[in-house]
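Peer 1: The following block contains the structure, expressed as structure tokens.
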Number of protein chains: 2
Amino acid sequence: MSKDKNRVPEPVARRMPKYYGFLTEMDKNGIKRVSSKQLSETMGLTASQIRQDFNSFGGFGQQGYGYNVSELRQEIKKILGLHRSHDLVVVGAGNLGRALTNYSGFEKEGFYVRALFDVDPQLIGAQIKGIEILPWESIKEYTSNNSIDIAVICTPKDKCRQVATILMDCGIRNIWNFSPSSISAPPGVMVENVNLNDSLFTLSFRLNETAILDSKE
Amino acid sequence: MSKDKNRVPEPVARRMPKYYGFLTEMDKNGIKRVSSKQLSETMGLTASQIRQDFNSFGGFGQQGYGYNVSELRQEIKKILGLHRSHDLVVVGAGNLGRALTNYSGFEKEGFYVRALFDVDPQLIGAQIKGIEILPWESIKEYTSNNSIDIAVICTPKDKCRQVATILMDCGIRNIWNFSPSSISAPPGVMVENVNLNDSLFTLSFRLNETAILDSKE
DNA sequence: TAGATTGTTAATCGATTAACAATC
DNA sequence: TAGATTGTTAATCGATTAACAATC
């Protein structure tokens with residue numbers, strides 16, 4: 001089992017997808033080379049930080065030249081694990097679960113929703129983009145017959161923990177959690193939380209903070 | 001205009017909604033008092049950090065006692081600006097825009113979607129939960145007749161920047177951006193980005209990292 | 001070669017943690 | 001009062017930034 005001290009720091013991990021996005025854009029626009037200085041200007045980071053980040057994975061650049069956009073993009077693509085495809089299941093076929101399944105952006109990077117699960121008998125048997133909604137009771141059977149990399153939790157808040165426990169019991173090691181309830185993950189299980197409530201409330205906090213600060217001046 | 005140095009640090013701002021969530025839960029369960037030590041155990045933070053966080057807004061506790069759950073919750077609710085209601089518009093009535101509009105969780109905290117906007121003539125005139133989808137061309141007119149606090153961007157990637165510019169032009173100061181493209185905000189405009197691609201890729205990165213680290217041992 | 005820009009070490013900054021006096 | 005726990009200052013830790021030798 002991997003130790004925590006070997007892990008890349010969280011801030012670096014969060015910037016890697018950003019680099020990938022910008023490099024993909026540049027590559028698409030036919031840009032061949034880029035310096036950390038140039039990248040820093042488009043991305044709003046410091047050149048120093050960018051070089052530090054890249055160097056925690058190895059030297060991808062060349063002194064006096066900079067970085068080859070296409071090469072660097074390929075390296076980061078591999079670092080992010082996007083060189084291989086991933087199989088997903090979505091648990092909870094409500095509004096959000098269906099919206100995520102319908103979104104084509106993930107497929108473009110090799111993330112495929114293979115099935116949805118729900119407890120509502122009305123939904124079972126229906127299809128989203130040709131992907132079937134299966135009864136939640138059959139999750140164990142399904143995962144023992146199909147190799148699944150990531151489970152996406154789109155259930156109501158109160159079902160989240162219980163669902164997570166069952167998923168881990170089914171051998172799922174990676175969870176993308178959209179329920180506004182955090183999951184305590186045992187070692188070896190990775191949880192990425194997307195808490196939309198928290199996100200909206202942070203915006204509201206800043207909005208409110210500005211109003212207070214401004215009124216004080 | 002408020003200065004940046006007066007702003008609460010980002011990590012603190014991100015933890016406030018978490019506190020609110022846990023305190024709401026405790027309050028609902030009838031818990032009357034809580035110490036920073038107890039909170040630290042349920043939330044997975046240090047007691048010291050919790051006290052520091054609360055104290056950046058003023059002393060809400062009492063020596064020897066701890067914090068009154070309901071009182072503290074009310075204080076944080078105010079800090080987050082949740083004591084007043086917010087009016088929202090959703091731009092882009094696709095899967096995600098409709099899913100967010102349908103989600104009832106935001107209304108519970110006083111965030112109301114007042115209208116959706118889209119360019120697709122097929123969608124215009126339809127309703128989501130009784131909320132009308134209006135033509136994007138009418139955004140300027142709409143915002144001059146209706147006071148809107150937050151705009152939610154749910155358009156495709158390539159439309160995001162252009163939409164953001166128009167929204168700011170309409171006087172919108174707060175943007176909740178779900179498009180996988182970051183928005184450069186001029187001073188005075190607040191942007192909260194929810195980049196689902198980045199989130200999924202970070203999970204994929206950790207998943208891949210674990211595999212690599214484990215294979216090395 | 002001269003200029004540019006990396007990779008990397010050292011300095012700085014900011015956030016977290018520890019410690020403890022104040023006080024309920 | 002004695003025990004508990006805050007509010008707050010000081011110490012530590014980690015991440016960012018600056019600097020510069022290496023080298024393309």
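Going by the structure tokens order, chains are called A, B, ..., each with residues numbered from 1, while ligands are numbered from 1 in the order shown.
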What's the 12 Å shell around segment 131-134 of chain A, counting only C-alpha atoms (C1' of nucleotides), without same-chain residues fewer than 2 positions away, as a ChimeraX atom specification?

Peer 2: /A:88-94,97-98,101-102,112-129,136-142

Peer 1: Would you mind listing what lies within 10 Å of Asn195 of chain B as a list in words, with only C-alpha atoms (C1' of nucleotides) counted and same-chain residues fewer than 2 positions away left out?

Peer 2: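 Final neighbour list, sorted by chain and number: Pro17, Lys18 and Val194 of chain A; Asn177, Phe178, Ser179, Pro180, Ser181, Ser182, Glu192, Asn193, Asn197, Asp198, Ser199 and Leu200 of chain B.
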
Peer 1: Please identify every residue of chain C that has at least one atom no more than 8 Å from any atom of chain A, counting only C-alpha atoms (C1' of nucleotides), and report them as a VMD selection string.

Peer 2: chain C and resid 3 to 7

Peer 1: Restricted to C-alpha atoms (C1' of nucleotides), what would the selected residues look like written as a compact mmCIF listing (two decimals), in the first residue's frame?

Peer 2:
```txt
# COMPACT_ATOMS: atom_id res chain seq x y z
C1' DG C 3 20.47 34.93 -25.18
C1' DA C 4 16.99 32.40 -23.23
C1' DT C 5 15.04 29.46 -20.12
C1' DT C 6 15.22 25.44 -17.52
C1' DG C 7 16.05 22.69 -13.10
```

Peer 1: Can you tell me, as a PyMOL selection string, what residues are no more than 12 Å from His83 of chain B when counting only C-alpha atoms (C1' of nucleotides), ignoring any on the same chain fewer than 5 positions away?

Peer 2: (chain A and resi 201+204-205+208) or (chain B and resi 73-78+108-111)

Peer 1: Can those selected residues be exported to a file as a compact mmCIF listing (two decimals), in the first residue's frame so that it contains all heavy atoms?

Peer 2:
```txt
# COMPACT_ATOMS: atom_id res chain seq x y z
N PHE A 201 -22.31 28.20 -1.33
CA PHE A 201 -22.23 28.95 -0.07
C PHE A 201 -20.93 29.75 0.01
O PHE A 201 -20.90 30.84 0.59
CB PHE A 201 -22.34 28.02 1.13
CG PHE A 201 -23.68 27.32 1.25
CD1 PHE A 201 -23.87 26.31 2.19
CD2 PHE A 201 -24.74 27.66 0.42
CE1 PHE A 201 -25.10 25.67 2.30
CE2 PHE A 201 -25.98 27.02 0.51
CZ PHE A 201 -26.15 26.01 1.46
N SER A 204 -21.59 32.76 -1.97
CA SER A 204 -22.47 33.62 -1.16
C SER A 204 -21.68 34.31 -0.05
O SER A 204 -21.89 35.49 0.24
CB SER A 204 -23.58 32.77 -0.56
OG SER A 204 -24.32 33.49 0.39
N PHE A 205 -20.75 33.59 0.55
CA PHE A 205 -19.89 34.16 1.59
C PHE A 205 -19.08 35.34 1.06
O PHE A 205 -19.04 36.41 1.66
CB PHE A 205 -18.96 33.08 2.14
CG PHE A 205 -17.84 33.61 2.99
CD1 PHE A 205 -18.08 34.19 4.21
CD2 PHE A 205 -16.52 33.53 2.55
CE1 PHE A 205 -17.05 34.69 5.00
CE2 PHE A 205 -15.48 34.03 3.31
CZ PHE A 205 -15.75 34.61 4.54
N ASN A 208 -21.29 38.34 0.26
CA ASN A 208 -21.70 38.96 1.52
C ASN A 208 -20.54 39.72 2.16
O ASN A 208 -20.69 40.83 2.65
CB ASN A 208 -22.18 37.85 2.45
CG ASN A 208 -22.90 38.36 3.68
OD1 ASN A 208 -23.78 39.20 3.57
ND2 ASN A 208 -22.52 37.86 4.84
N ARG B 73 -24.33 28.13 14.84
CA ARG B 73 -24.89 27.89 13.52
C ARG B 73 -25.50 29.17 12.95
O ARG B 73 -25.28 29.51 11.78
CB ARG B 73 -25.95 26.79 13.59
CG ARG B 73 -26.59 26.51 12.25
CD ARG B 73 -27.61 25.40 12.29
NE ARG B 73 -28.28 25.34 11.01
CZ ARG B 73 -29.35 26.08 10.69
NH1 ARG B 73 -29.87 26.91 11.57
NH2 ARG B 73 -29.88 25.98 9.47
N GLN B 74 -26.22 29.88 13.77
CA GLN B 74 -26.83 31.14 13.33
C GLN B 74 -25.78 32.16 12.91
O GLN B 74 -25.93 32.85 11.91
CB GLN B 74 -27.71 31.73 14.44
CG GLN B 74 -29.07 31.04 14.61
CD GLN B 74 -29.88 30.99 13.33
OE1 GLN B 74 -29.91 31.96 12.56
NE2 GLN B 74 -30.51 29.86 13.06
N GLU B 75 -24.71 32.24 13.69
CA GLU B 75 -23.62 33.17 13.37
C GLU B 75 -23.01 32.84 12.02
O GLU B 75 -22.78 33.72 11.18
CB GLU B 75 -22.53 33.12 14.46
CG GLU B 75 -22.95 33.69 15.80
CD GLU B 75 -23.17 35.21 15.76
OE1 GLU B 75 -22.76 35.86 14.78
OE2 GLU B 75 -23.76 35.73 16.73
N ILE B 76 -22.73 31.56 11.82
CA ILE B 76 -22.10 31.14 10.56
C ILE B 76 -23.06 31.31 9.40
O ILE B 76 -22.67 31.69 8.30
CB ILE B 76 -21.58 29.69 10.67
CG1 ILE B 76 -20.44 29.66 11.70
CG2 ILE B 76 -21.09 29.17 9.32
CD1 ILE B 76 -19.84 28.30 11.94
N LYS B 77 -24.33 31.07 9.67
CA LYS B 77 -25.35 31.29 8.64
C LYS B 77 -25.29 32.75 8.16
O LYS B 77 -25.34 33.01 6.95
CB LYS B 77 -26.73 30.98 9.22
CG LYS B 77 -27.86 31.12 8.23
CD LYS B 77 -29.17 30.54 8.78
CE LYS B 77 -30.27 30.68 7.73
NZ LYS B 77 -31.38 29.75 7.95
N LYS B 78 -25.15 33.66 9.09
CA LYS B 78 -25.06 35.08 8.75
C LYS B 78 -23.76 35.38 7.99
O LYS B 78 -23.75 36.12 7.02
CB LYS B 78 -25.12 35.94 10.02
CG LYS B 78 -26.47 36.61 10.22
CD LYS B 78 -26.39 37.63 11.35
CE LYS B 78 -26.99 37.08 12.63
NZ LYS B 78 -26.74 37.88 13.82
N LYS B 108 -33.91 25.54 -0.33
CA LYS B 108 -34.00 25.39 1.13
C LYS B 108 -33.13 26.42 1.84
O LYS B 108 -33.40 26.79 2.98
CB LYS B 108 -33.57 23.98 1.55
CG LYS B 108 -34.65 22.95 1.32
CD LYS B 108 -34.27 21.61 1.96
CE LYS B 108 -35.20 20.51 1.43
NZ LYS B 108 -34.47 19.36 0.88
N GLU B 109 -32.08 26.88 1.18
CA GLU B 109 -31.20 27.88 1.79
C GLU B 109 -31.40 29.27 1.19
O GLU B 109 -30.57 30.16 1.35
CB GLU B 109 -29.74 27.45 1.69
CG GLU B 109 -29.39 26.23 2.53
CD GLU B 109 -29.47 26.50 4.05
OE1 GLU B 109 -29.66 27.66 4.46
OE2 GLU B 109 -29.36 25.53 4.83
N GLY B 110 -32.51 29.41 0.44
CA GLY B 110 -32.87 30.74 -0.05
C GLY B 110 -32.29 31.14 -1.39
O GLY B 110 -32.24 32.33 -1.72
N PHE B 111 -31.84 30.17 -2.17
CA PHE B 111 -31.35 30.48 -3.52
C PHE B 111 -32.41 30.08 -4.53
O PHE B 111 -32.70 28.90 -4.69
CB PHE B 111 -30.03 29.74 -3.80
CG PHE B 111 -28.91 30.17 -2.91
CD1 PHE B 111 -28.71 29.59 -1.67
CD2 PHE B 111 -28.03 31.18 -3.32
CE1 PHE B 111 -27.67 30.00 -0.84
CE2 PHE B 111 -26.99 31.60 -2.50
CZ PHE B 111 -26.81 31.00 -1.25
```

Peer 1: Suppose you want the space between atom CA of Val189 of chain B and atom CA of Arg173 of chain B; what is it in Å?

Peer 2: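 So the two atoms, atom CA of Val189 of chain B and atom CA of Arg173 of chain B, lie 4.6 Å apart.
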
Peer 1: If you run DSSP on this backbone, which residues of chain B come out as strand (DSSP E), and could you give them as a PyMOL selection string?

Peer 2: chain B and resi 33-34+67-68+86-91+111-118+127-128+131-135+150-153+174-177+190-193

Peer 1: If you run DSSP over the backbone, which residues in chain B end up alpha helix (DSSP H)? Put them as an MDAnalysis selection string.

Peer 2: chainID B and resid 10:28 36:43 47:55 69:79 95:102 105:108 139:145 160:169 196:216

Peer 1: Can you list, as a list in words, every protein, DNA or RNA residue that comes within 9 Å of DT16 of chain D when you count only C-alpha atoms (C1' of nucleotides), leaving out same-chain residues fewer than 6 positions away?

Peer 2: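 After dropping sequence-adjacent residues, the list is Thr46, Ser48 and Gln49 of chain A; DT12 and DC13 of chain C.
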
Peer 1: For chain B, which residue out of A:Leu100, A:Ile166, A:Leu23, A:Ile153 is the nearest one, using only C-alpha atoms?

Peer 2: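 Once distances to chain B are computed over only C-alpha atoms, the minimum belongs to A:Leu100.
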
Peer 1: Using only C-alpha atoms, can you tell me which of A:Thr165, A:Thr24, A:Thr210, A:Ser56 comes closest to chain B?

Peer 2: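 For chain B, the nearest of the candidates is A:Thr210.
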
Peer 1: Can you measure atom CA of Val12 of chain A to atom CA of Leu45 of chain B for me? One decimal in Å is fine.

Peer 2: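 These atoms are spaced 21.1 Å apart.
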
Peer 1: Counting only C-alpha atoms, which of B:Asn95, B:Ala151, B:Pro135, B:Pro156 gets nearest to chain A?

Peer 2: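 Among B:Asn95, B:Ala151, B:Pro135, B:Pro156, it is B:Asn95 that comes nearest to chain A.
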